[in-house]
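J.: I am sharing work_29.txt, which consists of compact mmCIF, C-alpha atoms:
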# COMPACT_ATOMS: atom_id res chain seq x y z
CA MET A 1319 13.23 205.74 12.96
CA LYS A 1320 16.92 206.22 13.52
CA TYR A 1321 16.95 203.18 15.75
CA MET A 1322 15.22 201.01 13.11
CA LYS A 1323 17.60 202.24 10.41
CA THR A 1324 20.60 201.27 12.52
CA ILE A 1325 19.10 197.82 13.13
CA ASN A 1326 18.57 197.31 9.39
CA ILE A 1327 22.17 198.28 8.59
CA LEU A 1328 23.57 195.92 11.23
CA THR A 1329 21.31 193.11 10.01
CA GLY A 1330 22.51 193.63 6.45
CA LEU A 1331 26.15 193.51 7.52
CA PHE A 1332 25.49 190.38 9.54
CA LEU A 1333 23.95 188.65 6.51
CA LEU A 1334 26.77 189.86 4.26
CA PHE A 1335 29.57 188.67 6.57
CA PRO A 1336 29.35 184.93 5.64
CA LEU A 1337 29.56 185.86 1.96
CA LEU A 1338 32.65 187.99 2.57
CA SER A 1339 34.25 185.15 4.57
CA THR A 1340 33.48 182.68 1.79
CA ALA A 1341 35.00 184.99 -0.79
CA GLN A 1342 38.14 185.43 1.29
CA SER A 1343 38.46 181.66 1.75
CA ALA A 1344 38.06 181.09 -1.97
CA GLY A 1345 40.71 183.70 -2.71
CA ALA A 1346 43.08 182.15 -0.17
CA THR A 1347 43.02 178.80 -1.96
CA ASP A 1348 43.55 180.42 -5.35
CA ASN A 1349 47.22 181.21 -4.75
CA LYS A 1350 49.79 179.60 -7.00
CA TRP A 1351 52.95 178.29 -5.36
CA THR A 1352 56.50 178.71 -6.55
CA VAL A 1353 58.90 175.89 -5.78
CA GLN A 1354 60.80 178.05 -3.28
CA GLU A 1355 57.57 178.82 -1.39
CA ALA A 1356 56.67 175.15 -1.38
CA ILE A 1357 60.07 174.16 0.03
CA HIS A 1358 59.87 176.67 2.88
CA PHE A 1359 56.29 175.64 3.63
CA ALA A 1360 57.34 171.98 3.78
CA PHE A 1361 60.15 172.87 6.20
CA ASP A 1362 57.63 174.47 8.55
CA HIS A 1363 54.59 172.20 8.17
CA SER A 1364 55.68 168.75 7.01
CA PRO A 1365 55.21 166.01 9.66
CA ASP A 1366 58.80 164.87 9.09
CA SER A 1367 60.11 168.35 9.96
CA THR A 1368 57.88 168.54 13.03
CA ILE A 1369 59.04 165.13 14.25
CA ALA A 1370 62.70 166.08 13.76
CA GLN A 1371 62.14 169.38 15.59
CA LYS A 1372 60.65 167.50 18.54
CA ARG A 1373 63.71 165.23 18.58
CA ILE A 1374 65.85 168.36 18.92
CA GLU A 1375 63.74 169.60 21.82
CA ILE A 1376 64.06 166.21 23.55
CA ALA A 1377 67.83 166.18 23.01
CA GLU A 1378 68.20 169.70 24.42
CA ALA A 1379 66.17 168.70 27.48
CA LEU A 1380 68.48 165.70 27.97
CA VAL A 1381 71.49 168.06 27.85
CA SER A 1382 69.95 170.16 30.62
CA GLN A 1383 69.20 167.00 32.56
CA SER A 1384 72.83 165.85 32.25
CA ARG A 1385 74.17 169.22 33.38
CA SER A 1386 72.08 169.04 36.55
CA GLY A 1387 74.74 166.65 37.94
CA GLN A 1388 77.17 169.58 38.17
CA TYR A 1389 75.02 171.41 40.70
CA PRO A 1390 74.27 170.69 44.36
CA GLN A 1391 70.96 169.09 45.28
CA VAL A 1392 68.87 170.88 47.92
CA HIS A 1393 66.00 169.11 49.70
CA LEU A 1394 63.38 170.22 52.18
CA ILE A 1395 61.75 167.35 54.10
CA GLY A 1396 58.78 167.46 56.46
CA GLU A 1397 57.54 164.46 58.49
CA TYR A 1398 55.12 163.88 61.37
CA SER A 1399 54.87 160.58 63.31
CA GLN A 1400 53.69 159.01 66.57
CA THR A 1401 55.23 155.92 68.15
CA ASN A 1402 55.66 153.89 71.36
CA ASN A 1403 58.68 152.01 69.98
CA PRO A 1404 61.32 152.41 72.72
CA MET A 1405 64.18 153.27 70.39
CA TYR A 1406 62.28 155.81 68.26
CA SER A 1407 60.36 157.23 71.18
CA PHE A 1408 63.59 157.74 73.16
CA GLY A 1409 65.09 159.41 70.12
CA ASN A 1410 62.15 161.82 69.95
CA ILE A 1411 62.67 162.69 73.61
CA LEU A 1412 66.34 163.48 72.99
CA ASN A 1413 65.66 165.47 69.81
CA GLN A 1414 63.02 167.55 71.61
CA GLY A 1415 65.29 168.22 74.65
CA GLU A 1416 62.94 166.59 77.16
CA PHE A 1417 65.27 163.95 78.70
CA ASP A 1418 65.45 163.57 82.49
CA ASN A 1419 66.58 160.80 84.85
CA SER A 1420 63.00 159.63 85.53
CA ILE A 1421 62.55 158.22 82.02
CA ASP A 1422 62.44 154.44 81.71
CA PHE A 1423 64.77 153.52 78.81
CA ASN A 1424 62.86 150.30 78.14
CA ASN A 1425 59.47 151.97 78.12
CA PRO A 1426 59.72 155.70 77.47
CA GLY A 1427 56.02 155.81 76.49
CA ARG A 1428 54.18 157.27 73.53
CA THR A 1429 55.68 160.28 71.79
CA ASP A 1430 55.07 162.25 68.61
CA ASN A 1431 57.43 164.25 66.50
CA LEU A 1432 57.18 166.90 63.78
CA GLN A 1433 60.47 167.03 61.91
CA ILE A 1434 61.44 169.72 59.39
CA LYS A 1435 64.75 169.07 57.70
CA ALA A 1436 66.79 171.02 55.11
CA GLU A 1437 69.58 169.12 53.38
CA ILE A 1438 72.18 169.90 50.71
CA ARG A 1439 74.21 167.29 48.83
CA TYR A 1440 77.03 167.78 46.38
CA ARG A 1441 79.00 165.17 44.46
CA LEU A 1442 82.68 166.09 44.54
CA TYR A 1443 83.89 163.29 42.30
CA ASN A 1444 82.34 160.47 40.32
CA GLY A 1445 85.18 159.44 38.06
CA GLY A 1446 84.23 161.87 35.26
CA GLY A 1447 80.83 160.28 34.70
CA VAL A 1448 78.89 163.55 34.85
CA ASN A 1449 81.12 165.34 32.33
CA ALA A 1450 81.07 162.33 30.03
CA GLY A 1451 77.27 162.26 30.23
CA ILE A 1452 77.13 165.96 29.31
CA ARG A 1453 79.39 165.40 26.31
CA ALA A 1454 77.23 162.48 25.17
CA SER A 1455 74.02 164.52 25.48
CA GLU A 1456 75.51 167.49 23.66
CA ALA A 1457 76.72 165.26 20.84
CA GLN A 1458 73.27 163.68 20.55
CA SER A 1459 71.66 167.14 20.50
CA ASN A 1460 74.03 168.21 17.71
CA GLY A 1461 73.19 165.00 15.86
CA SER A 1462 69.48 165.79 16.11
CA ARG A 1463 70.03 169.22 14.55
CA LEU A 1464 72.05 167.66 11.75
CA MET A 1465 69.29 165.10 11.23
CA LEU A 1466 66.83 167.97 10.70
CA LYS A 1467 69.23 169.49 8.17
CA SER A 1468 69.49 166.14 6.38
CA ILE A 1469 65.70 165.81 6.33
CA HIS A 1470 65.38 169.32 4.91
CA ASN A 1471 67.97 168.51 2.23
CA LYS A 1472 66.01 165.44 1.11
CA MET A 1473 62.67 167.22 1.48
CA ALA A 1474 63.79 170.15 -0.68
CA PHE A 1475 64.81 167.70 -3.41
CA GLU A 1476 61.50 165.80 -3.22
CA VAL A 1477 59.49 169.03 -3.40
CA THR A 1478 61.56 170.17 -6.39
CA ARG A 1479 61.24 166.75 -8.05
CA LEU A 1480 57.45 166.61 -7.65
CA PHE A 1481 57.15 170.24 -8.75
CA HIS A 1482 58.85 169.43 -12.06
CA MET A 1483 56.90 166.19 -12.38
CA ILE A 1484 53.67 168.21 -12.15
CA ILE A 1485 54.93 170.50 -14.90
CA GLN A 1486 55.88 167.44 -16.96
CA ALA A 1487 52.45 165.88 -16.36
CA LYS A 1488 50.79 169.09 -17.58
CA GLU A 1489 53.01 169.15 -20.67
CA MET A 1490 52.18 165.48 -21.22
CA MET A 1491 48.48 166.30 -21.07
CA THR A 1492 49.00 169.17 -23.52
CA ALA A 1493 50.82 166.82 -25.90
CA ARG A 1494 47.95 164.32 -25.68
CA GLU A 1495 45.43 167.10 -26.33
CA LYS A 1496 47.38 168.24 -29.41
CA ALA A 1497 47.51 164.65 -30.64
CA LEU A 1498 43.75 164.26 -30.18
CA LYS A 1499 43.12 167.54 -31.97
CA ALA A 1500 45.37 166.55 -34.88
CA ILE A 1501 43.66 163.17 -35.19
CA GLY A 1502 40.30 164.96 -35.12
CA VAL A 1503 41.29 167.15 -38.06
CA SER A 1504 42.57 164.14 -39.97
CA LEU A 1505 39.35 162.27 -39.17
CA THR A 1506 37.31 165.13 -40.63
CA VAL A 1507 39.37 164.95 -43.82
CA ALA A 1508 39.04 161.16 -43.89
CA LYS A 1509 35.24 161.32 -43.60
CA ALA A 1510 35.11 163.81 -46.44
CA ARG A 1511 37.26 161.57 -48.63
CA PHE A 1512 35.18 158.52 -47.65
CA ASP A 1513 31.96 160.28 -48.60
CA ALA A 1514 33.57 161.18 -51.90
CA GLY A 1515 34.50 157.53 -52.46
CA ASP A 1516 38.21 158.29 -52.25
CA LEU A 1517 38.97 156.36 -49.04
CA LEU A 1518 38.42 152.78 -47.96
CA LYS A 1519 36.16 152.01 -45.02
CA GLN A 1520 39.05 150.21 -43.27
CA ASP A 1521 41.25 153.34 -43.40
CA LEU A 1522 38.43 155.43 -41.91
CA LEU A 1523 37.98 152.88 -39.12
CA ASN A 1524 41.73 152.91 -38.42
CA ILE A 1525 41.69 156.68 -37.94
CA GLU A 1526 38.61 156.44 -35.70
CA LEU A 1527 40.42 153.79 -33.67
CA GLN A 1528 43.44 156.06 -33.40
CA GLU A 1529 41.17 158.85 -32.11
CA SER A 1530 39.79 156.53 -29.41
CA MET A 1531 43.32 155.58 -28.37
CA ALA A 1532 44.26 159.28 -28.22
CA LYS A 1533 41.27 159.93 -25.93
CA ASP A 1534 42.35 157.06 -23.69
CA ASN A 1535 45.89 158.45 -23.52
CA LEU A 1536 44.48 161.86 -22.56
CA ILE A 1537 42.43 160.30 -19.75
CA GLN A 1538 45.57 158.58 -18.44
CA ALA A 1539 47.53 161.83 -18.63
CA ARG A 1540 44.88 163.63 -16.57
CA HIS A 1541 44.95 160.84 -14.01
CA ASP A 1542 48.76 160.99 -13.76
CA LEU A 1543 48.60 164.77 -13.25
CA ALA A 1544 46.01 164.48 -10.46
CA LEU A 1545 48.03 161.75 -8.73
CA THR A 1546 51.28 163.76 -8.91
CA GLN A 1547 49.55 166.85 -7.52
CA ARG A 1548 48.15 164.75 -4.66
CA GLY A 1549 51.66 163.49 -3.83
CA PHE A 1550 52.96 167.06 -3.88
CA LEU A 1551 50.32 168.25 -1.41
CA ASN A 1552 50.89 165.22 0.80
CA LEU A 1553 54.61 166.03 0.99
CA LEU A 1554 53.71 169.54 2.16
CA GLY A 1555 51.31 168.17 4.77
CA LEU A 1556 48.28 169.68 3.01
CA THR A 1557 44.87 168.23 2.21
CA ASP A 1558 43.39 171.10 0.17
CA PRO A 1559 43.31 169.92 -3.47
CA SER A 1560 42.72 173.46 -4.77
CA VAL A 1561 46.32 174.51 -4.09
CA THR A 1562 48.15 174.79 -7.41
CA ILE A 1563 51.69 175.51 -8.54
CA ASP A 1564 53.02 178.29 -10.74
CA PRO A 1565 54.87 176.61 -13.62
CA SER A 1566 55.84 179.98 -15.08
CA SER A 1567 57.96 180.87 -12.02
CA ASP A 1568 61.73 180.62 -12.31
CA CYS A 1569 62.07 177.19 -10.71
CA LYS A 1570 65.15 175.91 -12.51
CA PRO A 1571 67.75 174.59 -10.04
CA GLN A 1572 71.11 176.22 -10.54
CA MET A 1573 73.86 173.99 -11.88
CA PRO A 1574 76.66 173.72 -9.26
CA GLU A 1575 79.76 175.65 -10.26
CA THR A 1576 82.01 172.91 -8.92
CA HIS A 1577 81.70 169.18 -8.45
CA ASN A 1578 83.50 169.23 -5.12
CA PRO A 1579 80.83 168.26 -2.56
CA VAL A 1580 80.42 170.05 0.73
CA THR A 1581 80.30 167.94 3.88
CA ARG A 1582 76.92 166.23 3.90
CA PRO A 1583 74.90 166.53 7.13
CA GLU A 1584 74.64 162.74 7.24
CA ILE A 1585 78.42 162.48 7.72
CA LEU A 1586 78.44 165.18 10.39
CA GLN A 1587 75.52 163.46 12.08
CA ILE A 1588 77.26 160.08 12.28
CA GLU A 1589 80.41 161.83 13.57
CA ALA A 1590 78.27 163.33 16.34
CA MET A 1591 76.91 159.86 17.09
CA ILE A 1592 80.48 158.53 17.32
CA GLN A 1593 81.32 161.30 19.79
CA ALA A 1594 78.23 160.42 21.81
CA ALA A 1595 79.13 156.72 21.83
CA GLU A 1596 82.72 157.48 22.94
CA ALA A 1597 81.44 159.75 25.71
CA LYS A 1598 79.05 157.04 26.89
CA LEU A 1599 81.99 154.61 26.95
CA GLU A 1600 83.86 157.02 29.23
CA GLN A 1601 80.72 157.34 31.34
CA VAL A 1602 80.61 153.56 31.82
CA LYS A 1603 84.33 153.49 32.63
CA SER A 1604 83.74 156.00 35.41
CA GLY A 1605 81.96 153.19 37.25
CA LYS A 1606 85.40 151.73 38.03
CA ARG A 1607 86.29 154.79 40.07
CA PRO A 1608 85.08 155.80 43.55
CA VAL A 1609 82.26 158.27 44.18
CA ILE A 1610 82.79 161.06 46.73
CA ASP A 1611 79.80 163.00 48.08
CA THR A 1612 79.50 165.78 50.62
CA PHE A 1613 76.36 166.49 52.60
CA ALA A 1614 75.03 168.86 55.25
CA ASN A 1615 71.64 169.14 56.90
CA TYR A 1616 69.77 171.05 59.58
CA GLN A 1617 66.68 169.69 61.31
CA PHE A 1618 64.08 170.97 63.75
CA ASN A 1619 62.00 168.62 65.94
CA THR A 1620 58.94 169.38 68.05
CA GLY A 1621 56.12 167.38 69.63
CA SER A 1622 52.74 167.90 71.26
CA VAL A 1623 52.83 164.96 73.68
CA LEU A 1624 55.94 166.16 75.55
CA ASP A 1625 55.56 169.77 74.38
CA GLY A 1626 59.28 170.02 73.68
CA SER A 1627 61.42 171.15 70.77
CA GLY A 1628 65.02 171.07 69.61
CA ASP A 1629 67.27 171.45 66.57
CA SER A 1630 70.46 169.84 65.29
CA TRP A 1631 72.79 169.76 62.30
CA MET A 1632 75.05 167.27 60.56
CA ALA A 1633 77.75 167.57 57.88
CA GLY A 1634 80.19 165.12 56.40
CA ILE A 1635 81.78 163.43 53.42
CA ARG A 1636 81.01 159.98 52.00
CA LEU A 1637 83.09 157.67 49.80
CA ASP A 1638 81.52 154.83 47.85
CA TYR A 1639 83.61 152.31 45.92
CA THR A 1640 82.15 149.18 44.35
CA LEU A 1641 84.38 146.14 44.86
CA PHE A 1642 82.16 143.61 43.08
CA ASP A 1643 78.98 144.05 41.01
CA GLY A 1644 78.51 140.59 39.52
CA GLY A 1645 80.00 141.56 36.12
CA ARG A 1646 77.50 144.39 35.43
CA LEU A 1647 80.26 146.95 34.73
CA SER A 1648 82.21 144.60 32.45
CA SER A 1649 79.08 143.88 30.42
CA GLY A 1650 78.31 147.57 30.19
CA LEU A 1651 81.83 148.25 28.88
CA GLN A 1652 81.43 145.61 26.19
CA VAL A 1653 78.12 147.15 25.04
CA ALA A 1654 79.53 150.70 25.02
CA LEU A 1655 82.66 149.66 23.11
CA ALA A 1656 80.55 147.75 20.57
CA ASN A 1657 78.39 150.86 20.04
CA VAL A 1658 81.52 152.92 19.29
CA LEU A 1659 82.82 150.40 16.76
CA LYS A 1660 79.38 150.05 15.18
CA ALA A 1661 79.07 153.84 14.76
CA LYS A 1662 82.48 154.01 13.09
CA GLU A 1663 81.53 151.27 10.63
CA GLU A 1664 78.25 153.08 9.91
CA LYS A 1665 80.29 156.15 9.01
CA LYS A 1666 82.27 154.13 6.46
CA LYS A 1667 79.01 152.78 5.04
CA ILE A 1668 77.50 156.27 4.74
CA ILE A 1669 80.59 157.64 3.02
CA LEU A 1670 80.47 154.80 0.46
CA ALA A 1671 76.75 155.40 -0.10
CA ILE A 1672 77.28 159.16 -0.57
CA ASN A 1673 80.09 158.57 -3.06
CA LEU A 1674 77.77 156.27 -5.00
CA GLU A 1675 74.99 158.87 -4.87
CA MET A 1676 77.38 161.49 -6.21
CA GLU A 1677 78.40 159.32 -9.14
CA GLN A 1678 74.79 158.35 -9.90
CA ALA A 1679 73.71 162.00 -9.81
CA ARG A 1680 76.57 163.04 -12.10
CA LEU A 1681 75.82 160.29 -14.63
CA GLY A 1682 72.09 161.02 -14.35
CA PHE A 1683 72.63 164.65 -15.29
CA GLN A 1684 74.92 163.71 -18.18
CA GLN A 1685 72.31 161.31 -19.54
CA ALA A 1686 69.44 163.79 -19.10
CA ASP A 1687 71.41 166.57 -20.82
CA GLU A 1688 72.18 164.35 -23.82
CA LYS A 1689 68.58 163.09 -24.06
CA LEU A 1690 67.20 166.65 -24.03
CA GLN A 1691 69.37 167.58 -27.01
CA VAL A 1692 68.33 164.47 -28.94
CA THR A 1693 64.61 164.80 -28.20
CA GLY A 1694 64.66 168.47 -29.23
CA LYS A 1695 65.85 167.47 -32.67
CA MET A 1696 63.30 164.62 -32.75
CA VAL A 1697 60.41 167.04 -32.14
CA ASP A 1698 61.58 169.40 -34.90
CA LEU A 1699 61.84 166.56 -37.41
CA ALA A 1700 58.57 164.91 -36.35
CA THR A 1701 56.67 168.23 -36.48
CA GLU A 1702 57.77 168.95 -40.05
CA SER A 1703 57.12 165.35 -41.10
CA ALA A 1704 53.59 165.47 -39.64
CA ARG A 1705 52.85 168.79 -41.40
CA LEU A 1706 53.85 167.39 -44.79
CA SER A 1707 52.03 164.09 -44.19
CA ARG A 1708 48.75 165.85 -43.36
CA ILE A 1709 48.95 167.79 -46.63
CA ARG A 1710 49.71 164.64 -48.61
CA PHE A 1711 46.89 162.72 -46.90
CA LYS A 1712 44.45 165.51 -47.72
CA GLU A 1713 45.58 165.24 -51.33
CA GLY A 1714 45.19 161.44 -51.23
CA VAL A 1715 48.87 160.72 -51.80
CA ILE A 1716 49.55 158.61 -48.67
CA LEU A 1717 47.53 155.98 -46.81
CA ALA A 1718 45.76 156.51 -43.49
CA SER A 1719 48.13 154.05 -41.81
CA ASP A 1720 51.08 156.20 -42.84
CA LEU A 1721 49.43 159.30 -41.36
CA ILE A 1722 48.71 157.47 -38.11
CA ASP A 1723 52.34 156.41 -37.85
CA VAL A 1724 53.53 159.97 -38.38
CA GLU A 1725 51.11 161.40 -35.80
CA THR A 1726 52.13 158.74 -33.30
CA ARG A 1727 55.82 159.54 -33.79
CA LEU A 1728 55.14 163.26 -33.25
CA THR A 1729 53.25 162.62 -30.02
CA ASP A 1730 55.96 160.27 -28.78
CA ALA A 1731 58.63 162.85 -29.61
CA ARG A 1732 56.79 165.57 -27.68
CA VAL A 1733 56.29 163.26 -24.71
CA GLN A 1734 59.95 162.27 -24.71
CA GLN A 1735 61.07 165.90 -24.95
CA SER A 1736 58.86 166.86 -22.00
CA ALA A 1737 60.19 163.94 -19.97
CA ALA A 1738 63.80 164.80 -20.90
CA SER A 1739 63.32 168.45 -19.92
CA ALA A 1740 61.90 167.48 -16.53
CA MET A 1741 64.57 164.81 -16.10
CA ARG A 1742 67.36 167.36 -16.64
CA LYS A 1743 65.94 169.75 -14.04
CA ILE A 1744 65.44 166.89 -11.58
CA ALA A 1745 68.99 165.66 -12.30
CA ILE A 1746 70.39 169.08 -11.36
CA ALA A 1747 68.32 169.05 -8.17
CA ASP A 1748 69.58 165.55 -7.37
CA LEU A 1749 73.17 166.63 -8.01
CA ARG A 1750 72.77 169.52 -5.56
CA ARG A 1751 71.23 167.17 -3.01
CA ALA A 1752 74.07 164.67 -3.39
CA MET A 1753 76.61 167.48 -2.94
CA GLY A 1754 74.88 168.71 0.20
CA LEU A 1755 73.90 172.04 -1.39
CA PRO A 1756 70.55 173.83 -0.96
CA GLN A 1757 68.27 173.62 -3.98
CA PHE A 1758 68.31 177.39 -4.46
CA GLU A 1759 70.83 180.02 -3.48
CA GLU A 1760 68.85 182.09 -1.01
Output the file's structure as structure tokens, nothing else.
T.:
Amino acid sequence: MKYMKTINILTGLFLLFPLLSTAQSAGATDNKWTVQEAIHFAFDHSPDSTIAQKRIEIAEALVSQSRSGQYPQVHLIGEYSQTNNPMYSFGNILNQGEFDNSIDFNNPGRTDNLQIKAEIRYRLYNGGGVNAGIRASEAQSNGSRLMLKSIHNKMAFEVTRLFHMIIQAKEMMTAREKALKAIGVSLTVAKARFDAGDLLKQDLLNIELQESMAKDNLIQARHDLALTQRGFLNLLGLTDPSVTIDPSSDCKPQMPETHNPVTRPEILQIEAMIQAAEAKLEQVKSGKRPVIDTFANYQFNTGSVLDGSGDSWMAGIRLDYTLFDGGRLSSGLQVALANVLKAKEEKKKIILAINLEMEQARLGFQQADEKLQVTGKMVDLATESARLSRIRFKEGVILASDLIDVETRLTDARVQQSAASAMRKIAIADLRRAMGLPQFEE
């Protein structure tokens, strides 16, 4: 009985486990995101961040590869061969210590040889090419890190922008719902007046038409919200549509205390690229100078045909200087010099573009701030006007067309205020991006 009871308990737990897993999964997708959480998630999971991180790893590997030229190269070589070639066969006899006066130099016969050789090589001088290559690789690695910082700067702005656009889209939908509700109330009043013979059929139809237009605007607002949310998730590298944001979180970007921009990562990145181009120019110039190598090796030879063995060593120094290469070096110098000049011009272009971005961001904030003040007053006036017009329409003092105009102006004012509020927050985020500042002070 005890055994059966245990089996029943385990079976029940086994059947309950999928339900618990489903509940946990549902709870995991119910979380609401703050903008700060979304930014950090995008940094870690966005494809753009991953690609930039892989570029850094590649650049660091290239730095290690360049530094390998500073170290000696050690080789271990093993080779086995058989031959009846007089020159090679005679060499095998000498290497194995089996020479005697009876050997015919022209026909020493068949021999074999097992050679094991250890060799070390070290480049004493190559005109500074190795050091220049290291500097170029390090500059490129630094540029890759700065590229990631630049991508994060732009990504943080885009996440913030879409976050506020989602909030705006929700406010837009709320405004459309309020407009539809207000039109519905007015339509109820209009039907009552029409039944009482106090309203023309045309006025009733106009209000019904306005209600249909309000429904269409609400459908469009819902579509815009869904599309903005989809863009937000796509930026984060997510496909789960159930992830939502928390509009009540404190997501307002902080207004910069000063308008003096910090050094943008794009400028530092192009400066690193200039350093890399200059180092590569020096690396090409090193081709005009001689190359000096040292080498040393030890080898052991043995064979089964003669059953002999022997060892030997060799050490020396080698100088290599190219007198003529068909113009390859001159062409390489022209390419390297052109890359340096191109990088310097690109820096000028980036500085001009950043200055323009700064001015656009500053003017954008000024415009958004002014529009928010104006639209706030518009909403107050339109709200009071709509309240009075609804009372007057109920009393039969104004026409249906006048009421429709008032309701339309109220909806437009609410929509414009919502857009202005989002625009101001986005303008602050854009100003921080243009200044090279993080979106939030961590």
J.: Between A:Arg1607, A:His1470, A:Arg1732, A:Arg1479, which residue has the minimum interatomic distance to Val1697 of chain A, considering all atoms listed in the file?
T.: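 For Val1697 of chain A, the nearest of the candidates is A:Arg1732.
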J.: Report, in Å with one decimal, the straight-line distance from atom CA of Ser1399 of chain A to atom CA of Gly1634 of chain A.
T.: 26.6 Å
J.: Do you know which residues lie at most 12 Å from (49.6, 165.7, -8.6), with coordinates as in the file and only C-alpha atoms counted, and could you write them as an MDAnalysis selection string?
T.: chainID A and resid 1477 1479:1488 1539:1553 1559:1563
J.: Provide the atom CA of Asn1410 of chain A to atom CA of Leu1394 of chain A distance in Å, to one decimal place.
T.: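 For atom CA of Asn1410 of chain A relative to atom CA of Leu1394 of chain A, the distance reads 19.7 Å.
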J.: Do you have the atom CA of Met1491 of chain A-atom CA of Glu1355 of chain A distance handy?
T.: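 Calculated distance between atom CA of Met1491 of chain A and atom CA of Glu1355 of chain A is 25.0 Å.
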